[in-house]
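Visitor: Input: one structure, supplied below.
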Amino acid sequence: MKKSVALLLWIASGVVLAAMVSAADIAAAIQNSPSASTWLKQNAQAVAQLAINVESGGNTTAFNGSCCYGVLQMNRTNIARYANVTPEQYQQLSLQEQVNAWTQLTSKAMQSTAVTNLLALGTFDGRTVDGNLVLACVQLGIGNCQTMINSGKCSGFADRNGTTICSMADKIAGTNTGGSSGGSTGGSGAGAGGSMDTPGRASVSMAEAFAQGSGMEMSVLKRNLQIIGISAVALILAAGLSGMWQMFSMGRMSTADLKLRTIQACILLSIAVAMISWL
Amino acid sequence: MKVAVVALAMASSFAVHAQSLDAPGAWKVMHEAVFDRPGMPSTATQEERDIVKFLWAREFAAREQTHTGPMSAYALVGDVREGTKRIVFSMFASGDDPSCDAAPNGADANDIFVRCRMRVSSWPPSGAPAAALPGYCMIFAASETNSRIEYRYDSGSQTVQFRTIQFGKVVPNCSRSLKLD
């Protein structure tokens with residue numbers, strides 16, 4: 001009984017944790033993707049930061065509540081076109097399969113006029129056109145990106161949440177100031193806005209700075225903390241179950257009670273695992 | 001110019017037939033034809049599927065191949081009939097085909113529609129080129145989301161109106177009117 005409960009707990013933890021991936025995993029998946037362009041492979045780390053810092057935190061089963069699914073929050077319309085599966089099936093695909101569909105879409109979008117124009121500009125609205133800005137351009141839709149380019153300003157396009165292509169680029173780099181559109185678009189008039197990367201100045205992202213300072217990637221630390229948290233909950237429950245087993249052995253607890261308590265413990269662990277993984 | 005060709009044909013036809021079979025105000029849902037996507041049913045009739053295959057034959061044949069066959073394709077189709085005259089509206093999306101933009105990705109994104117070219121064609125084919133109108137909203141493979149594209153024909157103004165219902169709500173930026181004269 002004890003062994004089977006422990007096995008159940010271990011499986012429950014494993015199922016949820018399998019959905020979390022690190023920046024290194026994502027970068028490796030980009031490198032291994034047969035549909036990834038040379039540019040994407042060269043910017044694999046930026047794609048990983050896009051996934052970790054902006055889209056999903058590395059959760060391959062993520063859903064934003066409306067359109068988008070997976071580690072790179074691919075739109076269900078794009079999933080239908082490129083992955084040939086339902087959004088729910090897409091959430092269960094491996095990281096590599098999710099990345100393959102995304103790179104197929106993105107590699108093609110990289111050849112669009114909007115992206116070509118953006119790259120040719122060199123600077124846009126006072127900021128260097130770097131890999132993060134190009135990725136944000138593609139991720140938010142090349143039609144929207146062209147709208148921004150035509151306006152000449154970062155504020156030329158914002159989604160209904162106020163996210164601009166420039167503010168998304170800042171989030172990818174980990175330099176977002178916390179404002180939605182205001183943080184990145186407001187600087188356009190002044191030209192020397194706080195969070196904007198100025199030409200010639202190297203920008204180090206929060207994730208990179210953390211990795212340099214701690215010797216560990218933020219995503220790896222997050223996963224480790226999640227494992228510790230889930231293990232702690234599992235240990236507490238295992239101790240409780242062990243006590244119940246002793247009571248059962250001594251005849252002070254009925255079989256029905258033992259089953260009920262075990263089921264309750266499993267449900268409690270599942271909730272705890274889900275909540276910790278969600279954080 | 002291409003629109004005018006189709007529009008004039010419609011207008012002349014409708015001038016003869018004063019009454020339209022489609023009552024003004026009655027919205028119709030554009031039917032969805034799904035190709036090479038196992039397990040996903042079409043709402044389009046077999047005839048509509050055949051029409052789509054004919055009207056989008058070049059794009060249909062040019063689809064990229066996967067290890068299991070051609071990439072899946074999705075089309076929306078609707079029509080306005082007047083006597084023997086029939087005008088078909090259709091949109092097509094598949095993989096990298098440029099008929100439609102890609103939808104925005106992202107945790108902050110909401111929209112599931114994409115902007116596509118709509119083809120307006122007389123049916124049976126008259127030999128005149130179909131009109132291709134850019135910027136029409138298309139939603140596909142999303143039947144469970146209470147989302148669809150609807151259209152209605154007003155014979156008085158000879159106008160076809162299109163609207164997009166996304167998650168049960170009309171998307172104002174997607175509403176279009178197509179005058180047929």
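Chain identifiers are assigned as A, B, and so on, following the order in which chains appear in the structure tokens; residues are numbered from 1 within each chain, and ligands are numbered from 1 in order of appearance.
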Output as JSON lines one row per residue of chain A within 10 Å of chain B: the closest atom pair and its distance in Å to one decimal place, counting only C-alpha atoms, sorted by chain and residue number ascending.
Guide:
```
{"residue": "A:Leu50", "atom": "CA", "partner": "B:Gly106", "partner_atom": "CA", "distance": 9.5}
{"residue": "A:Ala51", "atom": "CA", "partner": "B:Gly106", "partner_atom": "CA", "distance": 9.3}
{"residue": "A:Val54", "atom": "CA", "partner": "B:Ala107", "partner_atom": "CA", "distance": 7.3}
{"residue": "A:Glu55", "atom": "CA", "partner": "B:Ala107", "partner_atom": "CA", "distance": 5.1}
{"residue": "A:Ser56", "atom": "CA", "partner": "B:Ala107", "partner_atom": "CA", "distance": 7.2}
{"residue": "A:Ala62", "atom": "CA", "partner": "B:Ala107", "partner_atom": "CA", "distance": 9.0}
{"residue": "A:Phe63", "atom": "CA", "partner": "B:Ala107", "partner_atom": "CA", "distance": 7.9}
{"residue": "A:Asn64", "atom": "CA", "partner": "B:Ala107", "partner_atom": "CA", "distance": 5.5}
{"residue": "A:Gly65", "atom": "CA", "partner": "B:Asn110", "partner_atom": "CA", "distance": 8.4}
{"residue": "A:Ser66", "atom": "CA", "partner": "B:Asn110", "partner_atom": "CA", "distance": 5.5}
{"residue": "A:Cys67", "atom": "CA", "partner": "B:Asn110", "partner_atom": "CA", "distance": 5.3}
{"residue": "A:Cys68", "atom": "CA", "partner": "B:Gly106", "partner_atom": "CA", "distance": 6.4}
{"residue": "A:Tyr69", "atom": "CA", "partner": "B:Ala107", "partner_atom": "CA", "distance": 8.2}
{"residue": "A:Gly70", "atom": "CA", "partner": "B:Ala107", "partner_atom": "CA", "distance": 9.6}
{"residue": "A:Val71", "atom": "CA", "partner": "B:Gly106", "partner_atom": "CA", "distance": 9.7}
{"residue": "A:Leu72", "atom": "CA", "partner": "B:Gly106", "partner_atom": "CA", "distance": 7.0}
{"residue": "A:Gln73", "atom": "CA", "partner": "B:Gly106", "partner_atom": "CA", "distance": 4.9}
{"residue": "A:Met74", "atom": "CA", "partner": "B:Asn105", "partner_atom": "CA", "distance": 4.9}
{"residue": "A:Asn75", "atom": "CA", "partner": "B:Asn105", "partner_atom": "CA", "distance": 4.9}
{"residue": "A:Arg76", "atom": "CA", "partner": "B:Ile112", "partner_atom": "CA", "distance": 6.8}
{"residue": "A:Thr77", "atom": "CA", "partner": "B:Ile112", "partner_atom": "CA", "distance": 6.0}
{"residue": "A:Asn78", "atom": "CA", "partner": "B:Ala103", "partner_atom": "CA", "distance": 6.4}
{"residue": "A:Ile79", "atom": "CA", "partner": "B:Ala141", "partner_atom": "CA", "distance": 9.5}
{"residue": "A:Ala80", "atom": "CA", "partner": "B:Ala141", "partner_atom": "CA", "distance": 6.6}
{"residue": "A:Arg81", "atom": "CA", "partner": "B:Gly95", "partner_atom": "CA", "distance": 4.8}
{"residue": "A:Tyr82", "atom": "CA", "partner": "B:Gly95", "partner_atom": "CA", "distance": 5.5}
{"residue": "A:Ala83", "atom": "CA", "partner": "B:Met71", "partner_atom": "CA", "distance": 8.9}
{"residue": "A:Asn84", "atom": "CA", "partner": "B:Ser72", "partner_atom": "CA", "distance": 6.5}
{"residue": "A:Val85", "atom": "CA", "partner": "B:Arg37", "partner_atom": "CA", "distance": 8.2}
{"residue": "A:Thr86", "atom": "CA", "partner": "B:Ala141", "partner_atom": "CA", "distance": 8.3}
{"residue": "A:Pro87", "atom": "CA", "partner": "B:Ala142", "partner_atom": "CA", "distance": 9.7}
{"residue": "A:Trp102", "atom": "CA", "partner": "B:Asn105", "partner_atom": "CA", "distance": 9.6}
{"residue": "A:Gln104", "atom": "CA", "partner": "B:Asp96", "partner_atom": "CA", "distance": 8.6}
{"residue": "A:Leu105", "atom": "CA", "partner": "B:Asp96", "partner_atom": "CA", "distance": 7.3}
{"residue": "A:Thr106", "atom": "CA", "partner": "B:Ala102", "partner_atom": "CA", "distance": 9.4}
{"residue": "A:Lys108", "atom": "CA", "partner": "B:Asp96", "partner_atom": "CA", "distance": 7.0}
{"residue": "A:Ala109", "atom": "CA", "partner": "B:Ala102", "partner_atom": "CA", "distance": 8.2}
{"residue": "A:Ala136", "atom": "CA", "partner": "B:Gly106", "partner_atom": "CA", "distance": 9.3}
{"residue": "A:Cys137", "atom": "CA", "partner": "B:Pro104", "partner_atom": "CA", "distance": 9.6}
{"residue": "A:Val138", "atom": "CA", "partner": "B:Pro104", "partner_atom": "CA", "distance": 8.1}
{"residue": "A:Gln139", "atom": "CA", "partner": "B:Asn105", "partner_atom": "CA", "distance": 5.3}
{"residue": "A:Leu140", "atom": "CA", "partner": "B:Pro104", "partner_atom": "CA", "distance": 4.5}
{"residue": "A:Gly141", "atom": "CA", "partner": "B:Pro104", "partner_atom": "CA", "distance": 4.4}
{"residue": "A:Ile142", "atom": "CA", "partner": "B:Ala102", "partner_atom": "CA", "distance": 7.4}
{"residue": "A:Gly143", "atom": "CA", "partner": "B:Asp101", "partner_atom": "CA", "distance": 7.0}
{"residue": "A:Asn144", "atom": "CA", "partner": "B:Pro104", "partner_atom": "CA", "distance": 8.3}
{"residue": "A:Asp159", "atom": "CA", "partner": "B:Ala109", "partner_atom": "CA", "distance": 7.0}
{"residue": "A:Arg160", "atom": "CA", "partner": "B:Ala109", "partner_atom": "CA", "distance": 8.0}
{"residue": "A:Asn161", "atom": "CA", "partner": "B:Asp108", "partner_atom": "CA", "distance": 6.5}
{"residue": "A:Gly162", "atom": "CA", "partner": "B:Asp108", "partner_atom": "CA", "distance": 8.9}
{"residue": "A:Thr163", "atom": "CA", "partner": "B:Asp108", "partner_atom": "CA", "distance": 7.3}
{"residue": "A:Met168", "atom": "CA", "partner": "B:Gly106", "partner_atom": "CA", "distance": 9.6}
```
Visitor: DSSP on the backbone: which residues in region 11-102 of chain A end up as strand (DSSP E)? Give the answer as a PyMOL selection string.
Guide: chain A and resi 68-69+74-75
Visitor: To one decimal in Å, tell me the separation between CA of Thr164 (chain A) and CA of Val47 (chain A).
Guide: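 Here the two named atoms are 17.6 Å from each other.
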Visitor: Distance CA of Glu88 (chain A)-CA of Tyr136 (chain B), one decimal place?
Guide: 27.3 Å
Visitor: Would you mind listing what lies within 9 Å of Phe92 (chain B) as a ChimeraX atom specification, with only C-alpha atoms counted and same-chain residues fewer than 3 positions away left out?
Guide: /B:52,56,59-60,73-77,97,99-100,116-119,138
Visitor: Write out the residues from the selection above, keeping C-alpha atoms, as a PDB file, in the first residue's frame.
Guide:
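In the end it all went to again.pdb:
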```pdb
ATOM      1  CA  VAL B  52     -13.344  25.718 -53.295  1.00  0.00           C
ATOM      2  CA  TRP B  56      -8.305  27.834 -55.246  1.00  0.00           C
ATOM      3  CA  GLU B  59      -3.043  27.310 -53.957  1.00  0.00           C
ATOM      4  CA  PHE B  60      -4.472  23.875 -53.250  1.00  0.00           C
ATOM      5  CA  ALA B  73      -6.123  23.520 -45.742  1.00  0.00           C
ATOM      6  CA  TYR B  74      -9.119  25.510 -44.582  1.00  0.00           C
ATOM      7  CA  ALA B  75     -11.578  27.491 -46.639  1.00  0.00           C
ATOM      8  CA  LEU B  76     -14.670  29.541 -45.915  1.00  0.00           C
ATOM      9  CA  VAL B  77     -17.356  29.725 -48.561  1.00  0.00           C
ATOM     10  CA  ASP B  97       0.276  30.276 -48.454  1.00  0.00           C
ATOM     11  CA  SER B  99      -3.486  34.347 -49.039  1.00  0.00           C
ATOM     12  CA  CYS B 100      -3.700  35.001 -45.304  1.00  0.00           C
ATOM     13  CA  CYS B 116      -7.078  37.080 -45.820  1.00  0.00           C
ATOM     14  CA  ARG B 117      -7.875  37.648 -49.467  1.00  0.00           C
ATOM     15  CA  MET B 118     -11.494  37.072 -50.330  1.00  0.00           C
ATOM     16  CA  ARG B 119     -12.281  35.874 -53.801  1.00  0.00           C
ATOM     17  CA  MET B 138     -11.226  34.741 -41.511  1.00  0.00           C
TER      18      MET B 138
END
```
Visitor: Which value, in Å to one decimal, gives the distance between CA of Val233 (chain A) and CA of Ile52 (chain A)?
Guide: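 Computing the Euclidean distance for CA of Val233 (chain A) and CA of Ile52 (chain A) yields 25.8 Å.
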Visitor: Can you tell me which residues surround region 241-244 of chain A at a distance of at most 8 Å, considering only C-alpha atoms, apart from same-chain residues fewer than 3 positions away, and format the answer as a count of residues only?
Guide: 10
Visitor: I need the residues of region 17-136 of chain B that end up classed as alpha helix (DSSP H) by DSSP on the backbone, written out as a list of chain:residue names.
Guide: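 Here is the list: B:Gln46, B:Glu47, B:Glu48, B:Arg49, B:Asp50, B:Ile51, B:Val52, B:Lys53, B:Phe54, B:Leu55, B:Ala57, B:Arg58, B:Glu59, B:Phe60, B:Ala61.
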